[in-house]
file my_file03.pdb (PDB, C-alpha atoms)
ATOM      1  CA  MET A 203     -20.179  29.063 -40.991
ATOM      2  CA  ALA A 204     -19.808  26.227 -43.447
ATOM      3  CA  LEU A 205     -22.329  23.429 -43.071
ATOM      4  CA  THR A 206     -20.461  20.141 -42.808
ATOM      5  CA  PHE A 207     -21.758  16.587 -42.587
ATOM      6  CA  GLU A 208     -19.598  15.681 -39.594
ATOM      7  CA  ASN A 209     -21.481  12.861 -37.848
ATOM      8  CA  PRO A 210     -23.593  10.979 -40.402
ATOM      9  CA  LYS A 211     -24.231   8.013 -38.101
ATOM     10  CA  GLU A 212     -25.768  10.309 -35.461
ATOM     11  CA  TYR A 213     -27.980  12.113 -37.972
ATOM     12  CA  ILE A 214     -29.254   8.864 -39.490
ATOM     13  CA  ALA A 215     -29.917   7.384 -36.036
ATOM     14  CA  GLU A 216     -31.836  10.532 -35.066
ATOM     15  CA  LEU A 217     -33.926  10.241 -38.233
ATOM     16  CA  VAL A 218     -34.729   6.565 -37.623
ATOM     17  CA  GLY A 219     -35.534   7.131 -33.955
ATOM     18  CA  THR A 220     -37.878  10.031 -34.716
ATOM     19  CA  ALA A 221     -39.679   8.000 -37.393
ATOM     20  CA  ILE A 222     -40.193   5.078 -35.004
ATOM     21  CA  LEU A 223     -41.365   7.304 -32.137
ATOM     22  CA  ILE A 224     -43.941   9.152 -34.234
ATOM     23  CA  SER A 225     -45.241   6.154 -36.148
ATOM     24  CA  ILE A 226     -45.823   4.060 -33.007
ATOM     25  CA  GLY A 227     -47.180   6.982 -30.976
ATOM     26  CA  CYS A 228     -49.634   8.016 -33.691
ATOM     27  CA  MET A 229     -50.872   4.462 -34.222
ATOM     28  CA  ILE A 230     -51.423   3.813 -30.497
ATOM     29  CA  ALA A 231     -53.298   7.133 -30.204
ATOM     30  CA  ALA A 232     -56.254   5.476 -31.928
ATOM     31  CA  ALA A 233     -56.972   3.792 -28.572
ATOM     32  CA  GLY A 234     -57.233   7.107 -26.710
ATOM     33  CA  MET A 235     -55.071   9.848 -25.198
ATOM     34  CA  LEU A 236     -53.914   7.747 -22.240
ATOM     35  CA  ALA A 237     -52.750   5.038 -24.622
ATOM     36  CA  ALA A 238     -51.015   7.674 -26.764
ATOM     37  CA  ALA A 239     -49.176   9.094 -23.743
ATOM     38  CA  ILE A 240     -48.047   5.636 -22.637
ATOM     39  CA  GLY A 241     -47.044   4.729 -26.193
ATOM     40  CA  PHE A 242     -44.880   7.830 -26.669
ATOM     41  CA  THR A 243     -43.278   7.401 -23.243
ATOM     42  CA  LEU A 244     -42.376   3.715 -23.515
ATOM     43  CA  THR A 245     -41.230   4.056 -27.121
ATOM     44  CA  TYR A 246     -38.970   6.954 -26.167
ATOM     45  CA  ILE A 247     -37.322   4.970 -23.358
ATOM     46  CA  GLY A 248     -36.939   1.924 -25.614
ATOM     47  CA  LEU A 249     -35.245   4.013 -28.301
ATOM     48  CA  ILE A 250     -32.741   5.398 -25.794
ATOM     49  CA  TYR A 251     -31.864   1.833 -24.812
ATOM     50  CA  CYS A 252     -31.619   0.575 -28.408
ATOM     51  CA  ILE A 253     -29.883   3.387 -30.292
ATOM     52  CA  GLY A 254     -28.623   5.592 -27.485
ATOM     53  CA  LYS A 255     -25.005   4.789 -28.321
ATOM     54  CA  HIS A 256     -25.432   6.071 -31.882
ATOM     55  CA  CYS A 257     -27.032   9.504 -31.293
ATOM     56  CA  ASP A 258     -28.075  11.971 -28.592
ATOM     57  CA  CYS A 259     -31.707  10.746 -28.514
ATOM     58  CA  HIS A 260     -33.517  14.067 -28.868
ATOM     59  CA  PHE A 261     -36.149  13.011 -31.449
ATOM     60  CA  ASN A 262     -37.654  16.475 -31.045
ATOM     61  CA  PRO A 263     -36.543  19.874 -32.440
ATOM     62  CA  VAL A 264     -37.641  21.490 -29.153
ATOM     63  CA  ILE A 265     -34.951  19.584 -27.233
ATOM     64  CA  THR A 266     -32.322  20.107 -29.940
ATOM     65  CA  LEU A 267     -32.981  23.867 -30.066
ATOM     66  CA  SER A 268     -32.744  24.044 -26.274
ATOM     67  CA  MET A 269     -29.394  22.255 -26.373
ATOM     68  CA  PHE A 270     -28.122  24.853 -28.833
ATOM     69  CA  VAL A 271     -29.402  27.841 -26.849
ATOM     70  CA  THR A 272     -27.787  26.575 -23.637
ATOM     71  CA  GLY A 273     -24.462  26.009 -25.401
ATOM     72  CA  LYS A 274     -24.561  22.218 -25.165
ATOM     73  CA  MET A 275     -24.658  21.689 -28.933
ATOM     74  CA  LYS A 276     -22.898  23.167 -31.963
ATOM     75  CA  ALA A 277     -24.856  25.011 -34.661
ATOM     76  CA  ASN A 278     -23.781  22.563 -37.365
ATOM     77  CA  ASP A 279     -25.086  19.509 -35.457
ATOM     78  CA  THR A 280     -28.245  21.427 -34.487
ATOM     79  CA  LEU A 281     -29.189  22.053 -38.126
ATOM     80  CA  TRP A 282     -28.565  18.453 -39.177
ATOM     81  CA  TYR A 283     -30.438  17.076 -36.153
ATOM     82  CA  VAL A 284     -33.514  19.233 -36.846
ATOM     83  CA  LEU A 285     -33.477  18.287 -40.543
ATOM     84  CA  ALA A 286     -33.168  14.584 -39.661
ATOM     85  CA  GLN A 287     -36.051  14.883 -37.171
ATOM     86  CA  ILE A 288     -38.336  16.554 -39.727
ATOM     87  CA  ILE A 289     -37.632  13.868 -42.329
ATOM     88  CA  GLY A 290     -38.166  11.195 -39.674
ATOM     89  CA  GLY A 291     -41.448  12.833 -38.692
ATOM     90  CA  ILE A 292     -42.713  12.738 -42.281
ATOM     91  CA  ILE A 293     -41.738   9.070 -42.611
ATOM     92  CA  GLY A 294     -43.389   8.227 -39.287
ATOM     93  CA  GLY A 295     -46.601  10.032 -40.237
ATOM     94  CA  LEU A 296     -46.825   8.228 -43.570
ATOM     95  CA  VAL A 297     -46.208   4.850 -41.926
ATOM     96  CA  ALA A 298     -48.997   5.510 -39.398
ATOM     97  CA  LEU A 299     -51.396   6.542 -42.166
ATOM     98  CA  ILE A 300     -50.612   3.535 -44.375
ATOM     99  CA  ILE A 301     -50.989   1.048 -41.520
ATOM    100  CA  GLY A 302     -54.208   2.733 -40.405
ATOM    101  CA  ALA A 303     -55.630   2.449 -43.911
ATOM    102  CA  GLN A 304     -54.756  -1.271 -43.976
ATOM    103  CA  VAL A 305     -56.336  -1.886 -40.564
ATOM    104  CA  TRP A 306     -59.601  -0.047 -41.212
ATOM    105  CA  HIS A 307     -59.728  -0.906 -44.942
ATOM    106  CA  THR A 308     -60.470   2.679 -45.902
ATOM    107  CA  GLY A 309     -58.639   5.761 -47.081
ATOM    108  CA  ASP A 310     -60.641   7.988 -44.728
ATOM    109  CA  VAL A 311     -58.053   7.721 -41.991
ATOM    110  CA  ILE A 312     -57.332  10.263 -39.274
ATOM    111  CA  ILE A 313     -54.064   9.957 -37.363
ATOM    112  CA  TYR A 314     -52.805  11.769 -34.280
ATOM    113  CA  ALA A 315     -52.211  15.047 -36.140
ATOM    114  CA  SER A 316     -51.726  18.492 -34.603
ATOM    115  CA  TYR A 317     -54.663  20.841 -35.202
ATOM    116  CA  PHE A 318     -57.242  22.890 -33.341
ATOM    117  CA  GLY A 319     -60.829  24.036 -33.771
ATOM    118  CA  ASP A 320     -63.435  21.865 -35.477
ATOM    119  CA  ALA A 321     -60.938  20.498 -37.980
ATOM    120  CA  PHE A 322     -62.373  17.024 -38.472
ATOM    121  CA  GLU A 323     -65.949  15.836 -38.250
ATOM    122  CA  PHE A 324     -64.939  12.948 -35.965
ATOM    123  CA  TYR A 325     -63.520  15.265 -33.308
ATOM    124  CA  SER A 326     -64.976  18.348 -31.687
ATOM    125  CA  ARG A 327     -62.031  20.492 -30.600
ATOM    126  CA  HIS A 328     -63.175  23.861 -29.345
ATOM    127  CA  ILE A 329     -59.714  25.358 -28.796
ATOM    128  CA  ASP A 330     -59.259  28.524 -30.837
ATOM    129  CA  THR A 331     -56.006  29.913 -32.242
ATOM    130  CA  PHE A 332     -55.065  31.821 -29.092
ATOM    131  CA  GLY A 333     -55.685  28.777 -26.923
ATOM    132  CA  ALA A 334     -53.538  26.598 -29.198
ATOM    133  CA  ILE A 335     -50.725  29.178 -29.061
ATOM    134  CA  ILE A 336     -50.746  29.213 -25.248
ATOM    135  CA  ILE A 337     -50.805  25.405 -25.037
ATOM    136  CA  GLU A 338     -47.951  24.939 -27.502
ATOM    137  CA  PHE A 339     -45.777  27.617 -25.892
ATOM    138  CA  MET A 340     -46.266  26.406 -22.317
ATOM    139  CA  LEU A 341     -45.809  22.704 -23.029
ATOM    140  CA  ALA A 342     -42.639  23.331 -25.051
ATOM    141  CA  PHE A 343     -41.397  25.624 -22.277
ATOM    142  CA  ILE A 344     -41.914  22.917 -19.645
ATOM    143  CA  LEU A 345     -40.400  20.151 -21.779
ATOM    144  CA  ALA A 346     -37.330  22.237 -22.656
ATOM    145  CA  TYR A 347     -36.695  23.300 -19.066
ATOM    146  CA  ILE A 348     -37.009  19.740 -17.720
ATOM    147  CA  ALA A 349     -34.795  18.332 -20.477
ATOM    148  CA  MET A 350     -32.056  20.932 -19.809
ATOM    149  CA  LYS A 351     -32.267  20.372 -16.065
ATOM    150  CA  ALA A 352     -32.031  16.596 -16.450
ATOM    151  CA  THR A 353     -29.033  16.547 -18.818
ATOM    152  CA  ASN A 354     -25.492  17.768 -18.204
ATOM    153  CA  SER A 355     -24.483  17.329 -21.829
ATOM    154  CA  GLN A 356     -26.244  17.210 -25.185
ATOM    155  CA  LYS A 357     -26.700  13.441 -24.904
ATOM    156  CA  ILE A 358     -29.779  12.015 -23.195
ATOM    157  CA  ASP A 359     -28.942   8.787 -21.372
ATOM    158  CA  MET A 360     -31.222   6.349 -19.564
ATOM    159  CA  LYS A 361     -31.323   8.377 -16.336
ATOM    160  CA  SER A 362     -32.105  11.740 -17.911
ATOM    161  CA  GLY A 363     -34.241  10.032 -20.552
ATOM    162  CA  ALA A 364     -36.555   8.623 -17.874
ATOM    163  CA  ILE A 365     -37.149  12.171 -16.563
ATOM    164  CA  VAL A 366     -37.785  13.522 -20.072
ATOM    165  CA  ALA A 367     -40.126  10.584 -20.759
ATOM    166  CA  VAL A 368     -42.235  11.460 -17.707
ATOM    167  CA  ALA A 369     -42.497  15.050 -18.955
ATOM    168  CA  LEU A 370     -43.417  13.732 -22.404
ATOM    169  CA  PHE A 371     -46.189  11.615 -20.867
ATOM    170  CA  GLY A 372     -47.734  14.701 -19.278
ATOM    171  CA  VAL A 373     -47.395  16.762 -22.459
ATOM    172  CA  VAL A 374     -49.130  14.183 -24.660
ATOM    173  CA  TYR A 375     -51.846  13.401 -22.125
ATOM    174  CA  ILE A 376     -52.680  17.077 -21.514
ATOM    175  CA  ALA A 377     -52.469  18.383 -25.076
ATOM    176  CA  GLY A 378     -53.764  15.316 -26.888
ATOM    177  CA  ALA A 379     -57.453  16.034 -26.333
ATOM    178  CA  MET A 380     -57.080  19.724 -27.244
ATOM    179  CA  THR A 381     -54.530  20.136 -30.048
ATOM    180  CA  GLY A 382     -53.208  16.633 -30.744
ATOM    181  CA  SER A 383     -49.792  17.945 -29.786
ATOM    182  CA  ALA A 384     -46.678  16.361 -28.362
ATOM    183  CA  ALA A 385     -44.743  19.670 -28.189
ATOM    184  CA  ASN A 386     -42.799  18.270 -31.137
ATOM    185  CA  PRO A 387     -42.674  20.251 -34.430
ATOM    186  CA  ALA A 388     -41.288  17.204 -36.257
ATOM    187  CA  LYS A 389     -44.387  15.240 -35.285
ATOM    188  CA  SER A 390     -46.671  18.129 -36.307
ATOM    189  CA  ILE A 391     -44.970  18.533 -39.701
ATOM    190  CA  GLY A 392     -44.932  14.789 -40.370
ATOM    191  CA  THR A 393     -48.571  14.187 -39.525
ATOM    192  CA  ALA A 394     -49.743  17.310 -41.415
ATOM    193  CA  PHE A 395     -47.910  16.081 -44.514
ATOM    194  CA  ALA A 396     -49.315  12.551 -44.151
ATOM    195  CA  MET A 397     -52.907  13.757 -43.679
ATOM    196  CA  MET A 398     -52.861  15.288 -47.159
ATOM    197  CA  PHE A 399     -53.050  11.724 -48.521
ATOM    198  CA  SER A 400     -56.070  10.811 -46.416
ATOM    199  CA  GLY A 401     -59.537  10.779 -47.939
ATOM    200  CA  ILE A 402     -61.162  12.516 -44.986
ATOM    201  CA  ASP A 403     -62.777  15.959 -45.129
ATOM    202  CA  GLY A 404     -60.554  18.686 -43.717
ATOM    203  CA  LYS A 405     -57.381  16.796 -44.477
ATOM    204  CA  PHE A 406     -55.541  20.045 -45.312
ATOM    205  CA  ASP A 407     -56.428  21.765 -42.020
ATOM    206  CA  PRO A 408     -53.353  20.481 -40.101
ATOM    207  CA  LEU A 409     -51.153  21.874 -42.888
ATOM    208  CA  ILE A 410     -52.914  25.253 -42.810
ATOM    209  CA  GLU A 411     -52.604  25.463 -38.998
ATOM    210  CA  LEU A 412     -49.028  24.161 -38.964
ATOM    211  CA  TRP A 413     -47.469  27.582 -38.276
ATOM    212  CA  VAL A 414     -48.808  27.498 -34.716
ATOM    213  CA  PHE A 415     -47.092  24.167 -34.044
ATOM    214  CA  ILE A 416     -43.714  25.334 -35.386
ATOM    215  CA  ILE A 417     -43.311  28.930 -34.200
ATOM    216  CA  PHE A 418     -44.626  28.729 -30.657
ATOM    217  CA  PRO A 419     -42.979  25.474 -29.581
ATOM    218  CA  ALA A 420     -39.702  27.016 -30.788
ATOM    219  CA  LEU A 421     -40.363  30.182 -28.763
ATOM    220  CA  GLY A 422     -41.294  28.100 -25.731
ATOM    221  CA  ALA A 423     -38.042  26.133 -26.062
ATOM    222  CA  ILE A 424     -35.958  29.322 -26.274
ATOM    223  CA  VAL A 425     -37.637  30.956 -23.275
ATOM    224  CA  GLY A 426     -37.450  27.740 -21.252
ATOM    225  CA  SER A 427     -33.731  27.463 -22.003
ATOM    226  CA  PHE A 428     -33.083  31.050 -20.881
ATOM    227  CA  VAL A 429     -35.058  30.483 -17.685
ATOM    228  CA  TYR A 430     -32.960  27.380 -17.040
ATOM    229  CA  LEU A 431     -29.769  29.428 -17.453
ATOM    230  CA  MET A 432     -31.112  32.109 -15.146
ATOM    231  CA  MET A 433     -32.081  29.577 -12.482
ATOM    232  CA  GLU A 434     -28.699  27.897 -12.677
ATOM    233  CA  SER A 435     -26.666  31.117 -12.427
ATOM    234  CA  GLY A 436     -28.922  32.939  -9.962
ATOM    235  CA  GLU A 437     -29.123  36.025 -12.163
ATOM    236  CA  PHE A 438     -29.472  36.456 -15.855
ATOM    237  CA  ASP A 439     -28.791  39.253 -18.282
ATOM    238  CA  LEU A 440     -29.392  38.457 -21.935
ATOM    239  CA  ASN A 441     -26.813  40.948 -23.193
ATOM    240  CA  LYS A 442     -24.167  39.613 -20.793
ATOM    241  CA  TYR A 443     -24.984  36.067 -21.774
ATOM    242  CA  LEU A 444     -24.674  36.738 -25.493
ATOM    243  CA  ALA A 445     -21.468  38.714 -24.921
ATOM    244  CA  SER A 446     -19.999  35.873 -22.835
ATOM    245  CA  LYS A 447     -20.892  33.319 -25.525
ATOM    246  CA  LYS A 448     -19.215  35.496 -28.156
ATOM    247  CA  LYS A 449     -16.189  35.936 -25.909
ATOM    248  CA  ASP A 450     -15.931  32.195 -25.277
ATOM    249  CA  LYS A 451     -16.098  31.541 -29.018
ATOM    250  CA  SER A 452     -13.361  34.108 -29.753
ATOM    251  CA  LYS A 453     -11.192  32.607 -27.009
ATOM    252  CA  ALA A 454     -11.664  29.137 -28.492
ATOM    253  CA  ASP A 455     -10.695  30.441 -31.942
ATOM    254  CA  GLU A 456      -7.617  32.192 -30.513
ATOM    255  CA  THR A 457      -6.617  29.031 -28.671
ATOM    256  CA  GLU A 458      -6.879  26.980 -31.855
ATOM    257  CA  GLU A 459      -4.837  29.554 -33.786
ATOM    258  CA  SER A 460      -2.140  29.705 -31.078
ATOM    259  CA  GLU A 461      -1.953  25.916 -30.942
ATOM    260  CA  ASP A 462      -1.573  25.766 -34.725
ATOM    261  CA  ALA A 463       1.144  28.464 -34.608
ATOM    262  CA  GLU A 464       3.024  26.691 -31.817
ATOM    263  CA  TYR A 465       2.793  23.416 -33.666
ATOM    264  CA  SER A 466       4.162  24.933 -36.868
ATOM    265  CA  GLU A 467       7.014  26.616 -34.942
ATOM    266  CA  GLU A 468       7.896  23.341 -33.274
ATOM    267  CA  GLU A 469       7.950  21.609 -36.646
ATOM    268  CA  ALA A 470      10.198  24.319 -38.133
ATOM    269  CA  ALA A 471      12.525  24.168 -35.131
ATOM    270  CA  ALA A 472      12.736  20.413 -35.428
ATOM    271  CA  GLU A 473      13.576  20.591 -39.138
ATOM    272  CA  GLU A 474      16.219  23.396 -38.968
ATOM    273  CA  PRO A 475      19.503  22.474 -37.177
ATOM    274  CA  VAL A 476      20.820  24.893 -34.545
ATOM    275  CA  GLU A 477      24.152  26.627 -35.329
ATOM    276  CA  GLY A 478      27.131  25.036 -33.590
ATOM    277  CA  GLU A 479      25.206  21.905 -32.878
ATOM    278  CA  LEU A 480      26.785  18.696 -34.060
ATOM    279  CA  ILE A 481      24.510  16.483 -36.029
ATOM    280  CA  ILE A 482      25.317  12.943 -35.132
ATOM    281  CA  ASP A 483      23.920  10.356 -37.380
ATOM    282  CA  GLU A 484      22.646   7.370 -35.605
ATOM    283  CA  PRO A 485      24.855   4.384 -36.338
ATOM    284  CA  ALA A 486      23.362   1.932 -38.704
ATOM    285  CA  GLU A 487      22.584  -1.479 -37.447
ATOM    286  CA  GLU A 488      25.671  -3.653 -37.455
ATOM    287  CA  ILE A 489      25.511  -6.555 -39.829
ATOM    288  CA  PRO A 490      26.746  -9.674 -38.063
ATOM    289  CA  GLU A 491      29.925 -11.079 -39.541
ATOM    290  CA  ILE A 492      29.668 -14.497 -41.106
ATOM    291  CA  GLU A 493      32.428 -16.765 -39.896
ATOM    292  CA  SER A 494      34.308 -18.274 -42.801
ATOM    293  CA  VAL A 495      34.837 -21.982 -42.741
ATOM    294  CA  GLU A 496      38.401 -22.982 -43.510
ATOM    295  CA  GLU A 497      38.435 -25.330 -46.417
ATOM    296  CA  GLU A 498      40.709 -28.375 -46.272
ATOM    297  CA  PRO A 499      43.327 -28.358 -49.046
ATOM    298  CA  LEU A 500      42.602 -30.753 -51.823
ATOM    299  CA  PRO A 501      45.195 -33.481 -52.416
ATOM    300  CA  GLU A 502      47.597 -32.615 -55.159
ATOM    301  CA  VAL A 503      47.215 -34.637 -58.321
ATOM    302  CA  GLU A 504      50.418 -35.464 -60.126
ATOM    303  CA  SER A 505      50.352 -34.772 -63.787
ATOM    304  CA  GLU A 506      51.659 -37.220 -66.423
ATOM    305  CA  GLU A 507      54.704 -35.026 -67.167
ATOM    306  CA  ASP A 508      55.717 -35.019 -63.501
ATOM    307  CA  ALA A 509      55.413 -38.795 -63.419
ATOM    308  CA  GLU A 510      57.621 -39.161 -66.536
ATOM    309  CA  SER A 511      60.261 -36.810 -65.142
ATOM    310  CA  GLU A 512      60.377 -38.831 -61.901
ATOM    311  CA  GLU A 513      60.833 -42.048 -63.859
ATOM    312  CA  ASP A 514      63.712 -40.469 -65.899
ATOM    313  CA  ALA A 515      65.342 -39.279 -62.688
ATOM    314  CA  GLU A 516      65.131 -42.769 -61.198
ATOM    315  CA  GLU A 517      66.670 -44.297 -64.327
ATOM    316  CA  GLU A 518      69.541 -41.799 -64.228
ATOM    317  CA  ILE A 519      70.199 -42.684 -60.578
ATOM    318  CA  ILE A 520      70.244 -46.394 -61.404
ATOM    319  CA  VAL A 521      72.722 -45.802 -64.300
ATOM    320  CA  GLU A 522      74.972 -43.734 -62.082
ATOM    321  CA  ASP A 523      74.941 -46.431 -59.414
ATOM    322  CA  SER A 524      75.860 -49.095 -61.952
ATOM    323  CA  GLU A 525      78.754 -47.063 -63.298
ATOM    324  CA  THR A 526      80.124 -46.435 -59.854
ATOM    325  CA  LYS A 527      80.021 -50.144 -59.123
ATOM    326  CA  ARG A 528      81.988 -50.986 -62.289
ATOM    327  CA  GLU A 529      84.672 -48.583 -61.388
TER     328      GLU A 529
END

call {"tool": "encode", "arguments": {"input": "my_file03.pdb", "output": "structure tokens"}}
result
Amino acid sequence: MALTFENPKEYIAELVGTAILISIGCMIAAAGMLAAAIGFTLTYIGLIYCIGKHCDCHFNPVITLSMFVTGKMKANDTLWYVLAQIIGGIIGGLVALIIGAQVWHTGDVIIYASYFGDAFEFYSRHIDTFGAIIIEFMLAFILAYIAMKATNSQKIDMKSGAIVAVALFGVVYIAGAMTGSAANPAKSIGTAFAMMFSGIDGKFDPLIELWVFIIFPALGAIVGSFVYLMMESGEFDLNKYLASKKKDKSKADETEESEDAEYSEEEAAAEEPVEGELIIDEPAEEIPEIESVEEEPLPEVESEEDAESEEDAEEEIIVEDSETKRE
């Protein structure tokens, strides 16, 4: 499969939306987990309203991966969406760190990063690696299932977005105090990258623990998507599902090939004349005749020679008349 840059406006809008969501959410988190949950939720709904016509409003690789697994999104768009979200997450994390440093007038800034254990001296998080794995998997599972259930297509509109926003509120509020998570690998990558520029002790811990916040949300999204498919169909067999997806793809390819062949045959038939068929050229447009205007004859102009000959003729007549009289 060739990677093509098909919908640049969508990818850029997804990048901008992810950056805004993460920067605002991480800055509001300084006021507490409830504030962080409200901030993520309201920002997500506002982004759907503002840039919903330009992209599908995922802003989270978990949702994008679920769309791909359930067949609602093409592989090419999935890759570009995830890449745009990761870049947006890094930008959002850096913006939150820079603004935090300006507000508190210090480089020892901690933002709403994803980590577990006693990572930073300001927080006492007693969740170990296994606990973080379970939390990330389950929250991504729930978010993916709700998002797939709420949307009929790959695009999240205001109605489905409100449902996803409620799920996001619960995810941030539950996981915030334990792992600083939002079940969003783009947010985890962005904040881990930004924390490297902080002056606080343990600033590299989110980067070291980042594997937990990438692998297990992705697994949770995949499992949640398969459970959604099973619940929708009533029964689910992974082998049958994969075979049906492959069959549908081959049918689509065959349909495209047959349409191209039919189109080329129609073009050839249109170009080649059939034997015995008269080819009648369409008459050209008739040019309207211009009526000629009859010109009035110009008056004849007598020349000097004609005038002299007339005078001679008159003189001859007068002489003849005089001679006849004498006789």

call {"tool": "resolve_selection", "arguments": {"input": "my_file03.pdb", "expression": "the PyMOL selection byres ((chain A and resi 390) around 8)", "output": "JSON, numbers by chain"}}
result
{"A": [291, 315, 316, 383, 386, 387, 388, 389, 391, 392, 393, 394, 412, 415, 416]}

call {"tool": "residues_around", "arguments": {"input": "my_file03.pdb", "residues": "Tyr317 in chain A", "least_positions_apart": "3", "cutoff": "12 Å", "atoms": "only C-alpha atoms", "output": "compact mmCIF listing (two decimals) with C-alpha atoms, in the coordinates of the input"}}
result
# COMPACT_ATOMS: atom_id res chain seq x y z
CA ILE A 312 -57.33 10.26 -39.27
CA ILE A 313 -54.06 9.96 -37.36
CA TYR A 314 -52.80 11.77 -34.28
CA ASP A 320 -63.44 21.86 -35.48
CA ALA A 321 -60.94 20.50 -37.98
CA PHE A 322 -62.37 17.02 -38.47
CA TYR A 325 -63.52 15.26 -33.31
CA SER A 326 -64.98 18.35 -31.69
CA ARG A 327 -62.03 20.49 -30.60
CA HIS A 328 -63.18 23.86 -29.34
CA ILE A 329 -59.71 25.36 -28.80
CA ASP A 330 -59.26 28.52 -30.84
CA THR A 331 -56.01 29.91 -32.24
CA GLY A 333 -55.68 28.78 -26.92
CA ALA A 334 -53.54 26.60 -29.20
CA ILE A 335 -50.72 29.18 -29.06
CA ILE A 337 -50.80 25.40 -25.04
CA GLU A 338 -47.95 24.94 -27.50
CA ALA A 377 -52.47 18.38 -25.08
CA GLY A 378 -53.76 15.32 -26.89
CA ALA A 379 -57.45 16.03 -26.33
CA MET A 380 -57.08 19.72 -27.24
CA THR A 381 -54.53 20.14 -30.05
CA GLY A 382 -53.21 16.63 -30.74
CA SER A 383 -49.79 17.94 -29.79
CA ALA A 384 -46.68 16.36 -28.36
CA LYS A 389 -44.39 15.24 -35.28
CA SER A 390 -46.67 18.13 -36.31
CA ILE A 391 -44.97 18.53 -39.70
CA THR A 393 -48.57 14.19 -39.52
CA ALA A 394 -49.74 17.31 -41.42
CA MET A 397 -52.91 13.76 -43.68
CA GLY A 404 -60.55 18.69 -43.72
CA LYS A 405 -57.38 16.80 -44.48
CA PHE A 406 -55.54 20.05 -45.31
CA ASP A 407 -56.43 21.76 -42.02
CA PRO A 408 -53.35 20.48 -40.10
CA LEU A 409 -51.15 21.87 -42.89
CA ILE A 410 -52.91 25.25 -42.81
CA GLU A 411 -52.60 25.46 -39.00
CA LEU A 412 -49.03 24.16 -38.96
CA TRP A 413 -47.47 27.58 -38.28
CA VAL A 414 -48.81 27.50 -34.72
CA PHE A 415 -47.09 24.17 -34.04
CA ILE A 416 -43.71 25.33 -35.39

call {"tool": "closest_residue", "arguments": {"input": "my_file03.pdb", "among": "A:Ala396, A:Leu341, A:Ala215, A:Ala349", "to": "Phe418 in chain A", "atoms": "only C-alpha atoms"}}
result
A:Leu341

call {"tool": "resolve_selection", "arguments": {"input": "my_file03.pdb", "expression": "the PyMOL selection byres ((chain A and resi 250) around 9)", "output": "NGL selection string"}}
result
:A and (219 or 245-249 or 251-255 or 257-259 or 358-360 or 363)

call {"tool": "resolve_selection", "arguments": {"input": "my_file03.pdb", "expression": "the PyMOL selection byres ((chain A and resi 369) around 9)", "output": "PyMOL selection string"}}
result
chain A and resi 243+344-345+348-349+364-368+370-374

call {"tool": "write_last_selection", "arguments": {"input": "my_file03.pdb", "atoms": "C-alpha atoms", "output": "compact mmCIF listing (two decimals), in the frame of the given file"}}
result
# COMPACT_ATOMS: atom_id res chain seq x y z
CA THR A 243 -43.28 7.40 -23.24
CA ILE A 344 -41.91 22.92 -19.64
CA LEU A 345 -40.40 20.15 -21.78
CA ILE A 348 -37.01 19.74 -17.72
CA ALA A 349 -34.80 18.33 -20.48
CA ALA A 364 -36.56 8.62 -17.87
CA ILE A 365 -37.15 12.17 -16.56
CA VAL A 366 -37.78 13.52 -20.07
CA ALA A 367 -40.13 10.58 -20.76
CA VAL A 368 -42.24 11.46 -17.71
CA LEU A 370 -43.42 13.73 -22.40
CA PHE A 371 -46.19 11.62 -20.87
CA GLY A 372 -47.73 14.70 -19.28
CA VAL A 373 -47.40 16.76 -22.46
CA VAL A 374 -49.13 14.18 -24.66

call {"tool": "residues_around", "arguments": {"input": "my_file03.pdb", "residues": "Tyr283 in chain A", "least_positions_apart": "3", "cutoff": "8 Å", "atoms": "all atoms listed in the file", "output": "PDB file with C-alpha atoms, in the frame of the given file"}}
result
ATOM      1  CA  TYR A 213     -27.980  12.113 -37.972  1.00  0.00           C
ATOM      2  CA  GLU A 216     -31.836  10.532 -35.066  1.00  0.00           C
ATOM      3  CA  LEU A 217     -33.926  10.241 -38.233  1.00  0.00           C
ATOM      4  CA  PRO A 263     -36.543  19.874 -32.440  1.00  0.00           C
ATOM      5  CA  THR A 266     -32.322  20.107 -29.940  1.00  0.00           C
ATOM      6  CA  ASP A 279     -25.086  19.509 -35.457  1.00  0.00           C
ATOM      7  CA  THR A 280     -28.245  21.427 -34.487  1.00  0.00           C
ATOM      8  CA  ALA A 286     -33.168  14.584 -39.661  1.00  0.00           C
ATOM      9  CA  GLN A 287     -36.051  14.883 -37.171  1.00  0.00           C
TER      10      GLN A 287
END

call {"tool": "residues_around", "arguments": {"input": "my_file03.pdb", "residues": "Phe270 in chain A", "least_positions_apart": "5", "cutoff": "10 Å", "atoms": "all atoms listed in the file", "output": "list of chain:residue names"}}
result
A:Ile265, A:Met275, A:Lys276, A:Ala277, A:Asn278, A:Asp279, A:Thr280, A:Leu281, A:Gln356, A:Ile424, A:Ser427

call {"tool": "atom_distance", "arguments": {"input": "my_file03.pdb", "atom1": "CA of Ala298 in chain A", "atom2": "CA of Ala423 in chain A"}}
result
26.9 Å

call {"tool": "axis_aligned_box", "arguments": {"input": "my_file03.pdb", "around": "range 373-380 of chain A", "padding_each_side": "6 Å", "output": "AutoDock Vina command-line options"}}
result
--center_x -52.4 --center_y 16.6 --center_z -24.4 --size_x 22.1 --size_y 18.3 --size_z 17.7

call {"tool": "atom_distance", "arguments": {"input": "my_file03.pdb", "atom1": "CA of Val271 in chain A", "atom2": "CA of Glu434 in chain A"}}
result
14.2 Å

call {"tool": "atom_distance", "arguments": {"input": "my_file03.pdb", "atom1": "CA of Thr353 in chain A", "atom2": "CA of Leu267 in chain A"}}
result
14.0 Å

call {"tool": "closest_residue", "arguments": {"input": "my_file03.pdb", "among": "A:Ile240, A:Ile376, A:Ile402, A:Ile226", "to": "Asp310 in chain A", "atoms": "all atoms listed in the file"}}
result
A:Ile402
